[in-house]
Amino acid sequence: MGLGSPITRGPFGAAGWVGSIVRRMDWLSTAAIGLLMICGLGMAWINARSYGQELFDLSSIFLRSIIWLSLSVATFSIVTAINWRWIRTFAWPLYGANLLLLIATLIFGQDSGGNSRAIAVFGIAIQSSEIAKILTLVALATVLTRESAEADTLSNTLLGSLVVAPPFALVAIQPDAGTALIIAAALFGGLLLSGAATRWIAGLAGLGVLLLPLIWAFLIADYQKERLIAFIDPNADPAGPKYQLEQALTAIRSGGLFGIGFDGTGGINPLPVQESDFVFAALVRSFGLVGGLLVIGLIGLLVARLIWHAWESPDSFGTVLGGGLAAIILFQGGVNIAMNLGAAPITGIPLPFVSYGGASAISLAFGLGLVQSHRVHQGGGA
Amino acid sequence: MSSTQIYKRPLRYLAAAVFTALLSGLLSARLIAVEVGGGGASSRDFNTLADGHRVIEEVIAPPRGLILDRTGRILAENIATYAVQIRPGDLPLTIRPQVVKTLGEILQIDPVKITMTLDRATGSIWEPVRIASVVDERVTRFIEEESAALPGVEVIFEPRRQYPYGELISQVIGYVGRIDALELSALSSAGYNELDYIGRAGVEQSYEEALRGEPGVRQVEIDVQGRIVRELGVTKTPIAGKSVVLTIDVEAQQRAFDALAWGVKAAGNKEGVVTSVNPQNGEIIAMASLPTYDNNLFASGITTAQYQKYLNNKNAPLLNHAVGSHFPPGSTYKLVTYSCALENRVVGVDETLVTPAYLEVGGQKFYEWNRAGFGRRLTPAQGFSYSSAVITYQLAQRLKIDRLAACGRAWGFGEPTGIDLPTEIGGVVPDQDWARTTISRALYDGEVLQSALGQGYDLATPLQVMNSFAALANGGTLWQPHVVLELRNPDGTLAETITPVEKGRVGMRAATLAEMRRAARLVVANSAMTRNLGQIPLNLTGKTGTAEYGVRDKQGRLPYHNWISGFVAPTDDWSKTDADFAYVVFMHGSNTAANAAIEVLKRYLQLQYDLKRDYRIPGSMSIGNYYGE
């Protein structure tokens, strides 16, 4: 049965069905997701105003955010309602489609901010690497849950790595080192919490370190090197990445305890890419230290709940999914916020749900919805 | 479980949870550190840059504080003006004729002139060339709309000082001017730069520090040519200057100004001072000095011709004569001589003194001012009311110069009063020490008599004369006069109240001072001397003065100034010390048939106390030979 759910449909019919889903969901993580989305919507409103956009014009970040976040909420709800086992059956077709999309991006990719990360599908620019993160994780969870798997065997670790390697490589040569690292983090998180042997995980990490010079030489673009140098060298060109960081820090300082509110820019020039990379700085400027701490807290809470889900999960699918998603969100949130605070090099990594971006929000909603589905639809055969 | 065998390792979960908590904590700590301490390696280290670009700190000028009268009327404000300039480096030569033509049409300036201005400009092509100043805002908006068609053309905002009351109170307010090289070298450490304005006279100068506020700082990146490439951020927000509230009410100032303006017009002497003060606290009520000047001319960049005109005027319109000029105080100084004699008991209150036509000292005849004497013996107070010179000579002979000079200094003469206006001078009180160092000999006996009359070497500012009568009125306290009541923050809240400062005390017995107040009333009441002045329905006191100066004319006569100074008391009980209005009127080189200062005072009191009757006597202000005191 496709929707082989043990959830009862009667005696209250559809209402009872929804009710039992709602009761089984993890409301702490759902609340964290919702609040992060509200932050994203608020920032989209502020950013649209500070960029001088008509709020309800089709080109406005605000209207687009409403559309993307609505689609994300819908995705999250639908995936939560559907039995994860049924979705899992599409893991491989989706994985394959994603690889094709990544290859297409490399060939036909649009120049968005100096590299080929997005591809136009029906006129909408799609950041394939954002989708790749989640679909790769779903495939990884699926392969590690196969019948004959034993968590601590070399074959299991190798198989997981083999699944992750193609999307990792395709994203890395876009070049999008940041997202590639997120994919690697998902693998690491999944393997770690699902009980892979320490030696094989260490071996993978060692391999990564060995590959570093190669990555630096071939896979890191000049502008990315510039950013890394800027982070390390205090005398770097102040008009470059350093300037962006300086502006971000100035914005954060101007926020004070409660921020300047919804007052657009407060007379200050908009930050560079304040809708995505520097959204956190813009958020602190608007909502102050309190707003900043809230976002850090929400990210922390979401990650903690995902780790808890992995721990509670009776099967490997939930453990890998929870661990991988925890790693993805922790990595994205940590690096993005640290970068805004001058504590990490500048990379184009979005802050989950707060940064503007359709692909990122919808794919994360898909992944998190799958976790909820895994909670809700327990029991029955896998 | 049908699927994979799970190896959950609790330690790993614990580690993951701890790592998540630790990372959240570290990020929070870092956020707080940036917020509070401005932390991070990136807020400094801007010294060495690529491609010859440099980061420089630019000063952001704070808005200057306002100057208000005591009722809140604005006496000095900042208005927005716009200037149009062209940065030649941004204007391609090929399209320059077209741009210049368009700009000329918009600004209604001959394009040839613009071209010439551009071609004459020296310096870098990135240095802006001023095309027009004080451009109408609508015109600037038009230019900004057309900016695509006008490359290199820039509209800049220029705050400018405006003085709504202009010459009415310019002597007190002063003006601001662009800082010059000398001032800059002294003040650059205080954050001034070459484009700054600085108070140059009056309150604008003496309260410069409060009015200016605190400049802000922004970091800008400039390229090799000095062109600003981008703004890197404001590192210090400017703090607007404090507003200065004067003790003067513009309406009171208008009365003093109108009376004086009438006086100098009627007497034709061009120069004079009318000033009043509250004797109880040193608050200046009005301060008019003529000739005056329009400080708005300075604010909008005075032309050399206009400035030369002011400088060449021998009546020195740029100088506030109340504080910045000294003159022989004449018989107003008899306050010093008579009080000194009474205080030192060299004469009794009821003692009568002879009044011959002259007194012979060292073989030289020193005449009474009427050259006849008064034909009877007079008490000191009566002598004061007749302004008798001969009685004054007798008192001076009994006092000797050093005791007289000590009394002069006790009444505040010989050094600045300490008023909060710049360029105040101190006048001269001669004694033997002064004579030995200044004229390298002892004073002759005759010169001592001159000094007792407020002539000879005696010099005093109108403010000093007024302050001596203010001290008489209040029972012997020399307040530092002040024109500023309080300072206010930019939001209008009180920042600082200027508390009255006691400069010193006259140090004479209450009885001496009461007798001098009575004597000063006798002056006003003595119709033989001051005619109808005593009819004014006020408890008015005063002492007139006629002070000779300069060079004798063909008939051997000297030109003279007229003075009157005194106070108005609430009652005619002269033992009381509660008067709240002291004044001085000084008419420079008036040479009028009667004491011109008295006529000006009458007009001033009529306006100030809203008197119906006009006590001025027609013909008093005609040129004459008034040698009365």
# chains A, B, ... in the order shown; residues from 1 in each chain; ligands from 1
$ select_by_dssp --residues "segment 365-492 of chain B" --states "strand (DSSP E)" --output "list in words"
Lys365, Phe366, Tyr367, Thr477, Leu478, Trp479, Val484, Leu485, Glu486, Leu487 and Arg488 of chain B
$ select_by_dssp --residues "segment 561-605 of chain B" --states "helix (DSSP H, G or I)" --output "list in words"
Ala596, Ala597, Ile598, Glu599, Val600, Leu601, Lys602, Arg603, Tyr604 and Leu605 of chain B
$ closest_residue --among "B:Glu146, B:Glu221, B:Glu368, B:Glu515" --to "Cys340 of chain B" --atoms "only C-alpha atoms"
B:Glu515
$ closest_atom_pairs --of "segment 342-377 of chain A" --to "segment 309-326 of chain A" --cutoff "10 Å" --atoms "only C-alpha atoms" --output "CSV"
residue,atom,partner,partner_atom,distance
A:Leu364,CA,A:Leu325,CA,8.5
A:Gly367,CA,A:Leu325,CA,7.3
A:Leu368,CA,A:Leu325,CA,7.7
A:Leu370,CA,A:Leu321,CA,8.4
A:Val371,CA,A:Gly322,CA,6.8
A:Gln372,CA,A:His309,CA,9.2
A:Ser373,CA,A:Gly318,CA,9.8
A:His374,CA,A:Gly318,CA,6.5
A:Arg375,CA,A:His309,CA,7.9
$ atom_distance --atom1 "atom CA of Ala151 of chain A" --atom2 "atom CA of Lys8 of chain B"
9.3 Å
$ residues_around --residues "Val483 of chain B" --least-positions-apart "6" --cutoff "9 Å" --atoms "only C-alpha atoms" --output "PyMOL selection string"
chain B and resi 172+203+245-248+282-287+419-421
$ residues_around --residues "Pro167 of chain A" --least-positions-apart "3" --cutoff "7 Å" --atoms "only C-alpha atoms" --output "number ranges by chain"
A: 99, 132, 164, 170-171
$ atom_distance --atom1 "atom CA of Asn278 of chain B" --atom2 "atom CA of Thr392 of chain B"
29.4 Å
$ residues_around --residues "Gly96 of chain A" --least-positions-apart "5" --cutoff "10 Å" --atoms "only C-alpha atoms" --output "list in words"
Ala91, Leu101, Leu102, Leu135, Thr136, Ala139 and Pro167 of chain A
$ write_last_selection --atoms "N, CA and C atoms" --output "compact mmCIF listing (two decimals), in the first residue's frame"
# COMPACT_ATOMS: atom_id res chain seq x y z
N ALA A 91 13.69 8.06 -4.06
CA ALA A 91 15.01 8.60 -3.74
C ALA A 91 15.96 8.51 -4.94
N LEU A 101 20.55 17.61 -13.47
CA LEU A 101 20.39 19.06 -13.30
C LEU A 101 21.74 19.72 -13.04
N LEU A 102 22.56 19.05 -12.21
CA LEU A 102 23.88 19.61 -11.90
C LEU A 102 24.75 19.65 -13.16
N LEU A 135 18.62 16.26 -1.69
CA LEU A 135 18.37 15.01 -2.42
C LEU A 135 19.51 14.02 -2.23
N THR A 136 20.72 14.52 -2.10
CA THR A 136 21.86 13.65 -1.83
C THR A 136 21.72 13.00 -0.46
N ALA A 139 19.18 10.26 -0.58
CA ALA A 139 19.78 9.07 -1.21
C ALA A 139 20.73 8.37 -0.25
N PRO A 167 27.52 14.17 -6.67
CA PRO A 167 27.02 15.54 -6.49
C PRO A 167 28.05 16.47 -5.86
$ residues_around --residues "Ile78 of chain A" --least-positions-apart "2" --cutoff "12 Å" --atoms "only C-alpha atoms" --output "mmCIF file with N, CA and C atoms, in the first residue's frame"
data_model
loop_
_atom_site.group_PDB
_atom_site.id
_atom_site.type_symbol
_atom_site.label_atom_id
_atom_site.label_comp_id
_atom_site.auth_asym_id
_atom_site.auth_seq_id
_atom_site.Cartn_x
_atom_site.Cartn_y
_atom_site.Cartn_z
ATOM 1 N N VAL A 18 -5.795 14.466 10.312
ATOM 2 C CA VAL A 18 -4.939 15.645 10.479
ATOM 3 C C VAL A 18 -4.538 15.781 11.941
ATOM 4 N N ILE A 21 -1.777 13.485 12.957
ATOM 5 C CA ILE A 21 -0.486 13.929 12.407
ATOM 6 C C ILE A 21 0.064 15.052 13.264
ATOM 7 N N LEU A 71 5.306 28.320 -0.670
ATOM 8 C CA LEU A 71 5.593 27.022 -1.291
ATOM 9 C C LEU A 71 6.360 26.115 -0.328
ATOM 10 N N SER A 72 7.249 26.734 0.472
ATOM 11 C CA SER A 72 8.019 25.940 1.434
ATOM 12 C C SER A 72 7.104 25.350 2.502
ATOM 13 N N VAL A 73 6.182 26.187 2.998
ATOM 14 C CA VAL A 73 5.242 25.712 4.015
ATOM 15 C C VAL A 73 4.398 24.583 3.437
ATOM 16 N N ALA A 74 3.954 24.761 2.199
ATOM 17 C CA ALA A 74 3.149 23.728 1.543
ATOM 18 C C ALA A 74 3.953 22.436 1.407
ATOM 19 N N THR A 75 5.211 22.563 0.939
ATOM 20 C CA THR A 75 6.068 21.389 0.787
ATOM 21 C C THR A 75 6.219 20.661 2.121
ATOM 22 N N PHE A 76 6.539 21.457 3.164
ATOM 23 C CA PHE A 76 6.740 20.888 4.495
ATOM 24 C C PHE A 76 5.494 20.133 4.957
ATOM 25 N N THR A 80 5.177 16.129 5.303
ATOM 26 C CA THR A 80 4.888 15.631 6.645
ATOM 27 C C THR A 80 3.715 14.643 6.613
ATOM 28 N N ALA A 81 2.699 14.986 5.821
ATOM 29 C CA ALA A 81 1.479 14.173 5.776
ATOM 30 C C ALA A 81 1.705 12.849 5.067
ATOM 31 N N ILE A 82 2.578 12.857 4.039
ATOM 32 C CA ILE A 82 2.805 11.646 3.252
ATOM 33 C C ILE A 82 3.756 10.723 4.007
ATOM 34 N N ASN A 83 3.520 9.435 3.902
ATOM 35 C CA ASN A 83 4.411 8.463 4.540
ATOM 36 C C ASN A 83 5.788 8.523 3.891
ATOM 37 N N TRP A 84 6.811 8.657 4.746
ATOM 38 C CA TRP A 84 8.193 8.800 4.253
ATOM 39 C C TRP A 84 8.624 7.593 3.433
ATOM 40 N N ILE A 87 7.836 8.168 -0.132
ATOM 41 C CA ILE A 87 8.753 9.150 -0.723
ATOM 42 C C ILE A 87 10.111 8.509 -0.986
ATOM 43 N N ILE A 362 12.808 25.726 -0.186
ATOM 44 C CA ILE A 362 11.925 24.597 -0.509
ATOM 45 C C ILE A 362 12.624 23.275 -0.262
ATOM 46 N N ALA A 365 12.748 22.697 3.384
ATOM 47 C CA ALA A 365 11.402 22.348 3.857
ATOM 48 C C ALA A 365 11.095 20.895 3.515
ATOM 49 N N PHE A 366 11.553 20.461 2.356
ATOM 50 C CA PHE A 366 11.371 19.075 1.952
ATOM 51 C C PHE A 366 12.078 18.138 2.931
ATOM 52 N N GLY A 367 13.328 18.423 3.213
ATOM 53 C CA GLY A 367 14.121 17.580 4.118
ATOM 54 C C GLY A 367 13.514 17.542 5.516
ATOM 55 N N LEU A 368 13.152 18.734 6.035
ATOM 56 C CA LEU A 368 12.609 18.803 7.395
ATOM 57 C C LEU A 368 11.223 18.176 7.461
ATOM 58 N N GLY A 369 10.461 18.295 6.357
ATOM 59 C CA GLY A 369 9.159 17.650 6.282
ATOM 60 C C GLY A 369 9.318 16.143 6.331
ATOM 61 N N LEU A 370 10.361 15.651 5.683
ATOM 62 C CA LEU A 370 10.622 14.222 5.669
ATOM 63 C C LEU A 370 10.920 13.709 7.080
ATOM 64 N N GLN A 372 9.763 15.061 9.815
ATOM 65 C CA GLN A 372 8.470 15.039 10.515
ATOM 66 C C GLN A 372 7.674 13.803 10.106
ATOM 67 N N SER A 373 7.678 13.517 8.810
ATOM 68 C CA SER A 373 6.961 12.357 8.302
ATOM 69 C C SER A 373 7.483 11.082 8.972
#
$ atom_distance --atom1 "atom CA of Pro416 of chain B" --atom2 "atom CA of Pro279 of chain B"
17.0 Å
$ residues_around --residues "Leu335 of chain B" --least-positions-apart "5" --cutoff "9 Å" --atoms "only C-alpha atoms" --output "MDAnalysis selection string"
chainID B and resid 340 384 411 468:469 472 516 520 543
$ closest_residue --among "B:Gly65, B:Gly233, B:Pro559, B:Pro215" --to "chain A" --atoms "only C-alpha atoms"
B:Gly233
$ closest_residue --among "A:Val209, A:Ser355, A:Gly348, A:Ala304" --to "chain B" --atoms "only C-alpha atoms"
A:Ala304
$ closest_residue --among "A:Leu207, A:Ile337, A:Ile215, A:Leu293" --to "Asp176 of chain A" --atoms "only C-alpha atoms"
A:Ile215
$ closest_residue --among "B:Tyr444, B:Tyr13, B:Phe157, B:Tyr175" --to "chain A" --atoms "only C-alpha atoms"
B:Tyr13
